[in-house]
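Undergrad: There's a structure below that I have some questions on.
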Amino acid sequence: MTPSVLFSNLDFTTIANNPDFKEDSVREEIILPILKKLGYAPENIVRSKTLHHPFLKIGSRKRKINLIPDYLLKIGNNYAWVLDAKAPNQQIDCGGNVEQVYSYAVHPEIRCNYFALCNGLEFAVFRTNDNDTPILFFRMEEFEQYWQKLVQYLSPSSFQSGQIIRYEIPHFISVEPFDYGNRPLLGEISVKKQKAKRHFGVHGYFTKQTWNVVEAYIKNFSKPGDVVLDPFGGSGVTIIEALMNGRKGINVDINPLAVFIVQSLLVPINQAELRETFEKVKKEYLLYEPKTKKEIKETLERFKGPRILALPKGSDVKTVDKLFSDKQIAQLALLKSIIKKRSKGNIQDTLMLMFSGLLTKANLTYHNNPNRPTAGGGNASVFAYYRYRIAPDPVEIDIIKYFELRYQKVAQAKKEMEYYITEQVASNAQIIKGSATNLSFLPNESVDYIYTDPPYGKKIPYLDLSAMWLAWLDLKVKDEDYELEAIEGGKLEKSKKEYNHLIEQSIREIYRVLKFDRWLSFVFAHKDPEFWHLIINTAESCGFEYVGAVPQKNGQTSFKKRQHPFTVLSGQLIINFRKVRSPRAIMRANLGMDISEIVIQTIEGIIAKQNGATLEQINDELIIKGLELGFLDLLKREYSDLTSILMDRFHYDENTEIFSIPKGKKFQTQIDVDLRIKYYLISYLRRMDRENKPAPFDEIVQSILPLLKNGVTPERQTILSVLEDIAEHIGGDCWKLKQTGQKEFLWDNQKN
């Protein structure tokens, strides 16, 4: 048999549209012929071996996990590689499927150097020491073209038996020395939102950080075995990425819904047991599903619906039960009752997570989204508008159809995590219902890294907006929880002063538990500079040293952003602090210019640098310059809304959402060239100092010249003369700000 006739009975162009060609067909009709042709005898092919796995323990319950790869290929007494079959609609070159098979390959019982996946349409081969990109990837129509490469990598003759094998260290284990105090700041990271099944589509929540951004920050500022804390943990992105990358994780949140989501997602399950229980629940539900008025009435009399909880001000109805039709309450109550009756332990927790996710769509606020006309492409008002808004034309969904979609999402999430969520890892995971204002369960200086996304003033009253889930899941909120929730407004109508006080308490606790020479990454996405000012002042008063802020997009545009493009920001800044014994405070620079000139100067500078800038880029630049040059307090008083100044002085392109200098106009600011140079030199040198980077003269010139496009291009000698005034030569061709005589840079507070 030659490769060209190996699959002569198959038409690969029709496989994708053949509903009968599933994972089993891939195994029998494609994979087995390939293994036979490569030269593997039946005794060398181990089918569906159960790999015994440790436990995950949360609370007092333990559940064993078994990993079952489709094929293990043996050479002598050693496993050479792993092969897994996937259905034709499954992606095999990246994402969760690759991570799953990688986990088999590096399992202690296997430890092989290669693994492969086949979905009937494509074939991918990976090395375990670099599982990001396949070393071989081809469509099955190209099989003959790639046959010799496949033989070279995976045939029995490609492996040696009886040698001393050196295994690669898993990807999250670092062997390089780790200098905590001198970590580099990360630039903006491309968003990969939907590539992690463990987060995408599992359960809706009010805010959720992008997983690969969080992962990158954890890897940059901590090492394996370190303790990573998120004191405003939300839906658990930080703790999950910490565990996935070999760290210990602590998730703290005052919202019992957030705690429920994280705990239910992390408990391990046996996939076969979950599927079997799900099918029993589904079968029983369909048997008794209430559809007629009589059936609905009888079901409402037999089964308990949601608790009668009051909804927050601004809601279209007063209590949770009014968010549902009688039919929805009857069907949800029946489904919940069956889950409680037919399951227990981790399986019940997992099914209730699916039920909870279903509530997002099975209510009267759910409405069609014209931007997503496909199935499931609707909006829940609580996430779109941050209030309970009854839809003018509510969408009525098929309860069991969407419950099955919830099953698929959650099962995929758990499968993606199962290798990493072991008993050892779970014993290092703490999921705490509590307030960031009181981390007394943690000793002083016990945490290695903190990444957190705190509440933003009165933007989202989390506890109030969780009422729908709290009522159905029987979760309780105490009066103390409302008192300690760091928001403005809400049920208790907290003032800005109360909110500020709670954030200050939280930052002080964060400082107490963080080790010296360790980092805090503080996410903020608010347009009002007063909040930035609060964070910086409080952090500095605690003893943190500001190191730098980085603009970071979050991969989504909110409803409010679409409604108010000039006043609502779609991105965020990540402010990075370091806890050191002798922190340097941010100096107020005496630039010799009015605040209005500074604002225009900065806007024109970022437009020059980017050849046109978005609202987010302009805002980020103003915030960062305000932080680094010390005029944030002035900025927050005079320029909390940039709309009028931007629309009056700059051209706005509605298609690209870019601001630029109006056609035929020059840059408007006529500030003395030496002051312009001084402005950018101070900012640039401070940033280089905080990042512990050298500042050679040529790089200084190259950095600031694009920001000085006002019709006058200064000579290098002019830049050098200003540089000599404020900085000192430190050897080679490098410069740093002077450490003496800094009073000339200080702003006189009384004059401002």
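Starting from 1 in every chain, residues are counted up; chains themselves are A, B, ... following the order of the structure tokens, and ligands are numbered from 1 as listed.
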Name all residues at most 8 Å from Tyr79 in chain A (count only C-alpha atoms; drop same-chain ones fewer than 5 positions away) and give them as a ChimeraX atom specification.

TA: /A:72-74,110-112

Undergrad: Residues of the last selection are to be written out with C-alpha atoms, as a tab-separated table (two decimals), in the first residue's frame.

TA:
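The file below, part06.tsv, is the result:
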chain	number	residue	atom	x	y	z
A	72	LEU	CA	0.07	5.80	23.01
A	73	LEU	CA	2.80	4.52	20.70
A	74	LYS	CA	5.45	2.31	22.31
A	110	ILE	CA	4.30	8.91	29.73
A	111	ARG	CA	6.92	11.68	29.29
A	112	CYS	CA	7.44	11.58	25.56

Undergrad: Taking only range 325-466 of chain A into account, list the residues labelled alpha helix (DSSP H) by DSSP (computed from the backbone), as a PDB file with C-alpha atoms, in the first residue's frame.

TA:
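Everything below was put into states.pdb:
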ATOM      1  CA  ASP A 326     -44.418  31.964  34.716  1.00  0.00           C
ATOM      2  CA  LYS A 327     -43.246  29.513  32.060  1.00  0.00           C
ATOM      3  CA  GLN A 328     -39.572  30.411  32.608  1.00  0.00           C
ATOM      4  CA  ILE A 329     -39.889  30.090  36.395  1.00  0.00           C
ATOM      5  CA  ALA A 330     -41.654  26.725  36.083  1.00  0.00           C
ATOM      6  CA  GLN A 331     -39.073  25.293  33.675  1.00  0.00           C
ATOM      7  CA  LEU A 332     -36.067  26.607  35.615  1.00  0.00           C
ATOM      8  CA  ALA A 333     -37.489  25.416  38.944  1.00  0.00           C
ATOM      9  CA  LEU A 334     -38.070  21.936  37.516  1.00  0.00           C
ATOM     10  CA  LEU A 335     -34.556  21.761  36.070  1.00  0.00           C
ATOM     11  CA  LYS A 336     -32.967  22.912  39.330  1.00  0.00           C
ATOM     12  CA  SER A 337     -34.987  20.346  41.316  1.00  0.00           C
ATOM     13  CA  ILE A 338     -33.879  17.493  39.046  1.00  0.00           C
ATOM     14  CA  ILE A 339     -30.205  18.566  39.276  1.00  0.00           C
ATOM     15  CA  LYS A 340     -30.405  18.616  43.081  1.00  0.00           C
ATOM     16  CA  LYS A 341     -32.135  15.214  43.150  1.00  0.00           C
ATOM     17  CA  ARG A 342     -29.990  13.362  40.589  1.00  0.00           C
ATOM     18  CA  GLY A 345     -20.733  16.592  45.208  1.00  0.00           C
ATOM     19  CA  ASN A 346     -18.582  18.006  42.435  1.00  0.00           C
ATOM     20  CA  ILE A 347     -20.959  16.813  39.717  1.00  0.00           C
ATOM     21  CA  GLN A 348     -23.800  18.779  41.301  1.00  0.00           C
ATOM     22  CA  ASP A 349     -21.595  21.855  41.680  1.00  0.00           C
ATOM     23  CA  THR A 350     -20.699  21.624  37.986  1.00  0.00           C
ATOM     24  CA  LEU A 351     -24.301  21.176  36.834  1.00  0.00           C
ATOM     25  CA  MET A 352     -25.371  24.133  38.975  1.00  0.00           C
ATOM     26  CA  LEU A 353     -22.658  26.221  37.298  1.00  0.00           C
ATOM     27  CA  MET A 354     -24.303  25.330  33.975  1.00  0.00           C
ATOM     28  CA  PHE A 355     -27.727  26.189  35.424  1.00  0.00           C
ATOM     29  CA  SER A 356     -26.412  29.530  36.670  1.00  0.00           C
ATOM     30  CA  GLY A 357     -25.012  30.379  33.232  1.00  0.00           C
ATOM     31  CA  LEU A 358     -28.390  29.529  31.727  1.00  0.00           C
ATOM     32  CA  LEU A 359     -30.097  32.232  33.842  1.00  0.00           C
ATOM     33  CA  SER A 381     -29.474  43.788  29.902  1.00  0.00           C
ATOM     34  CA  VAL A 382     -27.628  43.406  33.194  1.00  0.00           C
ATOM     35  CA  PHE A 383     -24.319  43.028  31.309  1.00  0.00           C
ATOM     36  CA  ALA A 384     -25.124  45.409  28.434  1.00  0.00           C
ATOM     37  CA  ILE A 399     -34.287  25.814  28.078  1.00  0.00           C
ATOM     38  CA  ILE A 400     -32.865  22.340  27.490  1.00  0.00           C
ATOM     39  CA  LYS A 401     -31.141  23.332  24.238  1.00  0.00           C
ATOM     40  CA  TYR A 402     -29.242  26.104  25.990  1.00  0.00           C
ATOM     41  CA  PHE A 403     -28.616  23.947  29.033  1.00  0.00           C
ATOM     42  CA  GLU A 404     -26.878  21.499  26.697  1.00  0.00           C
ATOM     43  CA  LEU A 405     -24.781  24.366  25.272  1.00  0.00           C
ATOM     44  CA  ARG A 406     -23.815  25.245  28.870  1.00  0.00           C
ATOM     45  CA  TYR A 407     -22.793  21.602  29.367  1.00  0.00           C
ATOM     46  CA  GLN A 408     -20.547  21.685  26.309  1.00  0.00           C
ATOM     47  CA  LYS A 409     -18.830  24.922  27.375  1.00  0.00           C
ATOM     48  CA  VAL A 410     -18.227  23.875  30.983  1.00  0.00           C
ATOM     49  CA  ALA A 411     -17.102  20.348  30.072  1.00  0.00           C
ATOM     50  CA  GLN A 412     -14.587  21.801  27.584  1.00  0.00           C
ATOM     51  CA  ALA A 413     -13.325  24.238  30.221  1.00  0.00           C
ATOM     52  CA  LYS A 414     -12.728  21.480  32.751  1.00  0.00           C
ATOM     53  CA  LYS A 415     -11.060  19.235  30.187  1.00  0.00           C
ATOM     54  CA  GLU A 416      -8.677  22.061  29.280  1.00  0.00           C
ATOM     55  CA  MET A 417      -7.677  22.489  32.934  1.00  0.00           C
ATOM     56  CA  GLU A 423      -4.435  17.844  44.396  1.00  0.00           C
ATOM     57  CA  GLN A 424      -1.077  19.531  44.890  1.00  0.00           C
ATOM     58  CA  VAL A 425      -2.166  22.580  42.929  1.00  0.00           C
ATOM     59  CA  ALA A 426      -5.574  22.748  44.565  1.00  0.00           C
ATOM     60  CA  TYR A 462     -21.767  44.182  41.777  1.00  0.00           C
ATOM     61  CA  LEU A 463     -23.814  42.881  44.709  1.00  0.00           C
ATOM     62  CA  ASP A 464     -26.969  44.703  43.608  1.00  0.00           C
ATOM     63  CA  LEU A 465     -26.672  43.441  40.041  1.00  0.00           C
TER      64      LEU A 465
END

Undergrad: Using only C-alpha atoms, find the one residue out of A:Leu502, A:Val82, A:Ile730, A:Met140 that sits nearest to Val125 in chain A.

TA: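 Among the listed residues, the smallest separation from Val125 in chain A belongs to A:Val82.
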
Undergrad: Suppose you want the space between CA of Ser435 in chain A and CA of Ala196 in chain A; what is it in Å?

TA: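 Between these atoms lies a distance of 28.4 Å.
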
Undergrad: Once you count only C-alpha atoms, what closest atom pair and distance in Å to one decimal does each residue of range 147-259 of chain A within 8 Å of range 514-518 of chain A have, with rows by chain and rising residue number, as CSV?

TA:
residue,atom,partner,partner_atom,distance
A:Tyr180,CA,A:Asp517,CA,6.1
A:Gly181,CA,A:Asp517,CA,4.9
A:Phe221,CA,A:Arg518,CA,7.7

Undergrad: For the residues in that selection, give me C-alpha atoms as a PDB file, in the first residue's frame.

TA:
ATOM      1  CA  TYR A 180      12.226  40.193  41.199  1.00  0.00           C
ATOM      2  CA  GLY A 181      13.317  43.786  41.664  1.00  0.00           C
ATOM      3  CA  PHE A 221       6.419  39.273  37.639  1.00  0.00           C
TER       4      PHE A 221
END

Undergrad: Can you list, as an MDAnalysis selection string, every protein, DNA or RNA residue that comes within 10 Å of Pro461 in chain A when you count only C-alpha atoms, leaving out same-chain residues fewer than 3 positions away?

TA: chainID A and resid 206 312 386:387 455:458 464:466 482 485:491

Undergrad: Could those residues be written to a file, using N, CA and C atoms, as a compact mmCIF listing (two decimals), in the first residue's frame?

TA:
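Now in result12.txt:
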# COMPACT_ATOMS: atom_id res chain seq x y z
N PHE A 206 -19.70 40.60 35.15
CA PHE A 206 -19.76 42.03 34.83
C PHE A 206 -18.46 42.54 34.23
N PRO A 312 -32.11 46.45 42.40
CA PRO A 312 -31.59 47.80 42.67
C PRO A 312 -32.43 48.89 42.00
N TYR A 386 -25.84 47.42 32.62
CA TYR A 386 -25.62 47.45 34.07
C TYR A 386 -26.90 47.85 34.81
N ARG A 387 -28.02 47.37 34.34
CA ARG A 387 -29.28 47.49 35.06
C ARG A 387 -30.24 46.43 34.53
N PRO A 455 -13.03 47.65 41.57
CA PRO A 455 -14.25 48.35 41.14
C PRO A 455 -13.94 49.81 40.83
N TYR A 456 -14.73 50.40 39.93
CA TYR A 456 -14.50 51.78 39.52
C TYR A 456 -15.65 52.67 39.97
N GLY A 457 -15.58 53.20 41.16
CA GLY A 457 -16.58 54.16 41.62
C GLY A 457 -17.99 53.62 41.55
N LYS A 458 -18.88 54.34 40.86
CA LYS A 458 -20.28 53.93 40.77
C LYS A 458 -20.59 53.25 39.44
N ASP A 464 -25.61 44.38 44.03
CA ASP A 464 -26.97 44.70 43.61
C ASP A 464 -27.32 43.98 42.31
N LEU A 465 -26.40 44.01 41.36
CA LEU A 465 -26.67 43.44 40.04
C LEU A 465 -26.61 41.91 40.03
N SER A 466 -26.13 41.31 41.11
CA SER A 466 -26.06 39.85 41.19
C SER A 466 -27.35 39.25 41.74
N TYR A 482 -22.42 44.54 52.09
CA TYR A 482 -22.76 45.80 51.42
C TYR A 482 -21.92 46.95 51.97
N GLU A 485 -18.34 46.59 50.46
CA GLU A 485 -18.19 46.58 49.01
C GLU A 485 -17.65 47.93 48.54
N ALA A 486 -16.54 47.89 47.82
CA ALA A 486 -15.86 49.12 47.40
C ALA A 486 -16.52 49.68 46.14
N ILE A 487 -17.66 50.33 46.34
CA ILE A 487 -18.33 50.99 45.23
C ILE A 487 -18.85 52.35 45.71
N GLU A 488 -19.25 53.17 44.76
CA GLU A 488 -19.93 54.42 45.06
C GLU A 488 -21.39 54.24 44.69
N GLY A 489 -22.33 54.71 45.53
CA GLY A 489 -23.75 54.51 45.26
C GLY A 489 -24.20 53.15 45.76
N GLY A 490 -24.95 52.41 44.94
CA GLY A 490 -25.43 51.10 45.34
C GLY A 490 -26.53 51.15 46.37
N LYS A 491 -26.84 49.99 46.95
CA LYS A 491 -27.93 49.86 47.91
C LYS A 491 -27.79 50.84 49.07

Undergrad: Can you pull out the residues contacting Gln430 in chain A? Cut-off 8 Å, using only C-alpha atoms, and skip same-chain residues under 5 positions away; I want them as a PyMOL selection string.

TA: chain A and resi 249-251

Undergrad: Between CA of Ile575 in chain A and CA of Phe524 in chain A, what is the spacing in Å?

TA: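 Taking CA of Phe524 in chain A and CA of Ile575 in chain A, their separation equals 7.6 Å.
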
Undergrad: In Å, rounded to a single decimal, give me how far CA of Asp93 in chain A is from CA of Thr133 in chain A.

TA: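 Answer for the CA of Thr133 in chain A to CA of Asp93 in chain A separation: 7.3 Å.
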
Undergrad: When you look at Glu545 in chain A with a cut-off of 10 Å (counting only C-alpha atoms), what residues show up, excluding the ones that are within fewer than 3 positions of it in the same chain? I need them as a PyMOL selection string.

TA: chain A and resi 519-520+536+539-542+548+576-586+690

Undergrad: Please return, as an NGL selection string, all residues of range 46-167 of chain A that DSSP assigns to strand (DSSP E) on the basis of the backbone.

TA: :A and (46-47 or 51-58 or 61-67 or 71-75 or 78-85 or 114-118 or 122-127 or 136-139)
